[in-house]
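Visitor: To start, I am sharing the structure in question, which I have written as structure tokens.
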Amino acid sequence: MMRTADFVRFAWLSLSAHRLRTFLTALGIAVGIAAVILLTSIGEGLHRFVIDEFTQFGTNLIGIQPGKTSTHGGGGLGAINTVRPLSIEDAIALQHAPHILLSDPMVQGNADVEHAGRSRRVTLYGTGHTFHQTLRMKLAVGDFLPADDPRAARAFVVLGAKVAQELFPDENPLGARMRVGGERYRVVGVMAPKGQVLGFDLDDTVYIPVGRALEMFNRESLAEIHVTYEPTAPLAEVEEGIKRVLTARHGREDYTVTPQQKMLEVFGTVLDAITFAVAAIGGISLLVGGVGILTILTIAVSERTAEIGLLRAIGATQRRIMLLFLGEAAVLAALGGAAGLALGSGIAAILAVAVPALPVHTPWSYAVVAEISAIVIGLVAGVLPARHAAQLDPLEALRSE
């Protein structure tokens, strides 16, 4: 009986005797593994990036927008323009809904801001005094808008970090007078730098009272109402309470309630599907590598017929011959897989450094599955050549010399 050590040594010598062929076969597996690792690293990085972007505002956040996004049958044509605007009064009423901690009205638009001859066009948010608490945003200096009646608030403004730097490069903006949309406002605070969030630069913004913003943009409806709720409260109860308050005020459900938690679940499902899809695309390369192993081992059987006959003549069983070729296939796949892991993770690491904006994260669970898959594919590809080698007649095999 062939000892295990002899078996391993024999398989290794067989592979090393044809270095170029072994290298090219392992390369096919390596490219497949590298593709899987690189694509899943980008997919997983994108997943984490999107989730992090949303969760920085908290997970117990709900957005309420005017208009119903889903439609139902039975409505007439006359119902198209009957949507009631979301009002500041709606936001105030929601403060008394069950489990609600904060309710903040918001309207958004663009406006010109000016101070001491410097001007720029920025994104303007009309908000209530709890906006920064609702969305977990911090101030660098000063305070946020005071707790005035949002329908008749004083002309105060809070600047984003970039706006403050551009308009007040050499002075403290607190207390300074400036123009926002052609009207005079007094600066009461500057937000801490926030950077880009899903493509929006939150530093190139200003915040004024929501009532004044509605007048400035000549609008009747808020763009959105943000509410936060007790983290331990059942989401279904919170949603039901919000709908009860707004439906009583509007007479119908002509608004859309969008919990952050549900939005994250939807994004998570979509991004998981994307990650799996790109991994499957990389897996196609693994199958190509498996075909390479099948081809190489089939050629090896025909080239080593006499060798197989000699092994059978000195007592090697059909099972040992089959295991010998399967072992070669497994080693080829394992070596190629290891090289692919190193190559894929290396490229992913280089991308993370060279392109910081590109979210890259290597999911090692996928790496382990990819390596195991490579070995399994190698074994499957080696079955037919191994069976053919094991079934050769010893005498006929020896005569082929």
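By order of appearance in the structure tokens: chains A, B, ..., then residues from 1 within every chain, and ligands from 1 in the order shown.
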Determine, counting only C-alpha atoms, which protein, DNA and RNA residues have an atom within 8 Å of an atom of region 103-112 of chain A; residues of the same chain fewer than 3 positions away are not included. Present the result as a ChimeraX atom specification.

Guide: /A:87-88,91-92,94-95,100,119-131,134,180-182,210,213-214,217,222-228

Visitor: Limited to N, CA and C atoms, could you put the picked residues into a file as a compact mmCIF listing (two decimals), in the first residue's frame?

Guide:
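File result_31.txt, as written:
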```txt
# COMPACT_ATOMS: atom_id res chain seq x y z
N SER A 87 -48.00 71.14 6.62
CA SER A 87 -47.85 72.47 7.18
C SER A 87 -47.02 72.45 8.47
N ILE A 88 -46.64 73.66 8.89
CA ILE A 88 -45.93 73.79 10.17
C ILE A 88 -46.83 73.30 11.30
N ALA A 91 -46.51 69.62 11.81
CA ALA A 91 -45.30 69.27 12.57
C ALA A 91 -45.50 69.51 14.06
N ILE A 92 -46.16 70.59 14.41
CA ILE A 92 -46.42 70.88 15.82
C ILE A 92 -47.36 69.84 16.41
N LEU A 94 -47.67 66.75 15.52
CA LEU A 94 -46.99 65.45 15.64
C LEU A 94 -46.15 65.35 16.91
N GLN A 95 -45.82 66.47 17.50
CA GLN A 95 -45.07 66.43 18.76
C GLN A 95 -45.86 65.74 19.86
N ILE A 100 -43.29 59.96 20.25
CA ILE A 100 -42.50 60.91 19.47
C ILE A 100 -41.63 61.77 20.40
N SER A 119 -20.14 86.78 -2.04
CA SER A 119 -21.44 86.12 -2.18
C SER A 119 -21.25 84.74 -2.81
N ARG A 120 -22.21 83.88 -2.58
CA ARG A 120 -22.22 82.55 -3.19
C ARG A 120 -23.64 82.00 -3.14
N ARG A 121 -23.92 81.07 -4.02
CA ARG A 121 -25.25 80.44 -4.03
C ARG A 121 -25.14 79.11 -3.30
N VAL A 122 -26.03 78.89 -2.35
CA VAL A 122 -25.93 77.72 -1.48
C VAL A 122 -27.28 77.03 -1.36
N THR A 123 -27.25 75.85 -0.78
CA THR A 123 -28.49 75.15 -0.43
C THR A 123 -29.00 75.72 0.88
N LEU A 124 -30.28 76.10 0.88
CA LEU A 124 -30.89 76.69 2.08
C LEU A 124 -31.92 75.73 2.64
N TYR A 125 -31.82 75.49 3.95
CA TYR A 125 -32.80 74.67 4.65
C TYR A 125 -33.59 75.57 5.59
N GLY A 126 -34.91 75.55 5.42
CA GLY A 126 -35.78 76.17 6.41
C GLY A 126 -36.20 75.10 7.40
N THR A 127 -35.89 75.31 8.68
CA THR A 127 -36.11 74.26 9.67
C THR A 127 -36.68 74.84 10.96
N GLY A 128 -36.99 73.92 11.86
CA GLY A 128 -37.35 74.31 13.22
C GLY A 128 -36.11 74.36 14.09
N HIS A 129 -36.29 74.65 15.36
CA HIS A 129 -35.14 74.82 16.25
C HIS A 129 -34.52 73.50 16.70
N THR A 130 -35.18 72.36 16.39
CA THR A 130 -34.63 71.05 16.82
C THR A 130 -34.03 70.27 15.66
N PHE A 131 -33.85 70.90 14.52
CA PHE A 131 -33.35 70.19 13.34
C PHE A 131 -32.02 69.49 13.61
N THR A 134 -32.61 66.45 15.74
CA THR A 134 -33.32 65.39 15.02
C THR A 134 -32.39 64.60 14.12
N VAL A 180 -29.46 86.92 3.18
CA VAL A 180 -29.85 85.58 2.73
C VAL A 180 -31.08 85.78 1.85
N GLY A 181 -30.94 85.48 0.56
CA GLY A 181 -32.07 85.67 -0.35
C GLY A 181 -32.52 87.12 -0.42
N GLY A 182 -31.60 88.06 -0.22
CA GLY A 182 -31.94 89.47 -0.31
C GLY A 182 -32.41 90.08 0.99
N VAL A 210 -38.12 77.97 9.37
CA VAL A 210 -38.90 77.36 8.30
C VAL A 210 -39.99 78.30 7.77
N ALA A 213 -38.47 80.64 5.35
CA ALA A 213 -38.08 79.95 4.11
C ALA A 213 -39.29 79.73 3.21
N LEU A 214 -40.44 79.39 3.80
CA LEU A 214 -41.65 79.21 3.01
C LEU A 214 -42.03 80.51 2.30
N PHE A 217 -39.43 81.21 -0.60
CA PHE A 217 -39.63 80.38 -1.79
C PHE A 217 -41.06 80.42 -2.30
N LEU A 222 -44.50 72.12 3.22
CA LEU A 222 -43.18 71.68 3.64
C LEU A 222 -42.68 70.60 2.69
N ALA A 223 -41.37 70.47 2.58
CA ALA A 223 -40.81 69.37 1.80
C ALA A 223 -40.87 68.08 2.60
N GLU A 224 -40.70 68.20 3.93
CA GLU A 224 -40.66 66.99 4.76
C GLU A 224 -40.78 67.39 6.23
N ILE A 225 -41.29 66.46 7.01
CA ILE A 225 -41.26 66.60 8.47
C ILE A 225 -40.43 65.43 9.00
N HIS A 226 -39.40 65.76 9.77
CA HIS A 226 -38.59 64.72 10.40
C HIS A 226 -39.07 64.52 11.83
N VAL A 227 -39.27 63.27 12.22
CA VAL A 227 -39.61 62.98 13.61
C VAL A 227 -38.68 61.89 14.12
N THR A 228 -38.33 61.99 15.38
CA THR A 228 -37.61 60.91 16.04
C THR A 228 -38.51 60.33 17.13
```

Visitor: Identify, on the basis of only C-alpha atoms, every residue whose closest approach to region 20-34 of chain A does not exceed 8 Å; exclude the query and any residue fewer than 4 positions from it along the same chain; express the result as a ChimeraX atom specification.

Guide: /A:15-16,38,282-290,292-293,296,332-333,335-345,370-371,374

Visitor: Have a look at CA of Asn172 (chain A) and CA of Arg154 (chain A) and let me know their distance in Å, one decimal.

Guide: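 Pair CA of Asn172 (chain A) / CA of Arg154 (chain A) returns 21.1 Å.
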
Visitor: Please indicate the distance in Å from CA of Glu44 (chain A) to CA of Asp272 (chain A), rounded to one decimal place.

Guide: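 Computing it gives 7.9 Å between the two atoms.
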
Visitor: One decimal, in Å: what's the spacing between CA of Leu246 (chain A) and CA of Thr258 (chain A)?

Guide: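 Result for CA of Leu246 (chain A) versus CA of Thr258 (chain A): 14.0 Å, one decimal.
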
Visitor: Write out as a PyMOL selection string all residues of region 169-269 of chain A that DSSP puts in strand (DSSP E) for this structure's backbone.

Guide: chain A and resi 177-180+183-191+196-197+200-201+205-209+224-229+255-259

Visitor: Taking the chain letters and numbering used in this document, name the residues of region 166-396 of chain A that DSSP puts in helix (DSSP H, G or I), as a PyMOL selection string.

Guide: chain A and resi 166-167+210-217+235-250+260-303+305-313+318-354+364-390+394-396

Visitor: Pick out the residues sitting within 10 Å of Gly327 (chain A), and hand them over as number ranges by chain; count only C-alpha atoms, and ignore anything fewer than 2 positions along from it in its own chain.

Guide: A: 7-8, 11-12, 321-325, 329-333, 378-379, 382, 386

Visitor: Excluding same-chain residues fewer than 4 positions from Arg249 (chain A), what lies within 10 Å of it counting only C-alpha atoms, as a PyMOL selection string?

Guide: chain A and resi 84+89-90+93+243-245+253

Visitor: May I have the residues within 10 Å of Leu271 (chain A) as a list in words, using only C-alpha atoms and disregarding those fewer than 3 positions away in the same chain?

Guide: Gly43, Glu44, Gly45, Leu46, His47, Arg48, Val50, Ile51, Glu265, Val266, Phe267, Gly268, Ile274, Thr275, Phe276 and Ala277 of chain A
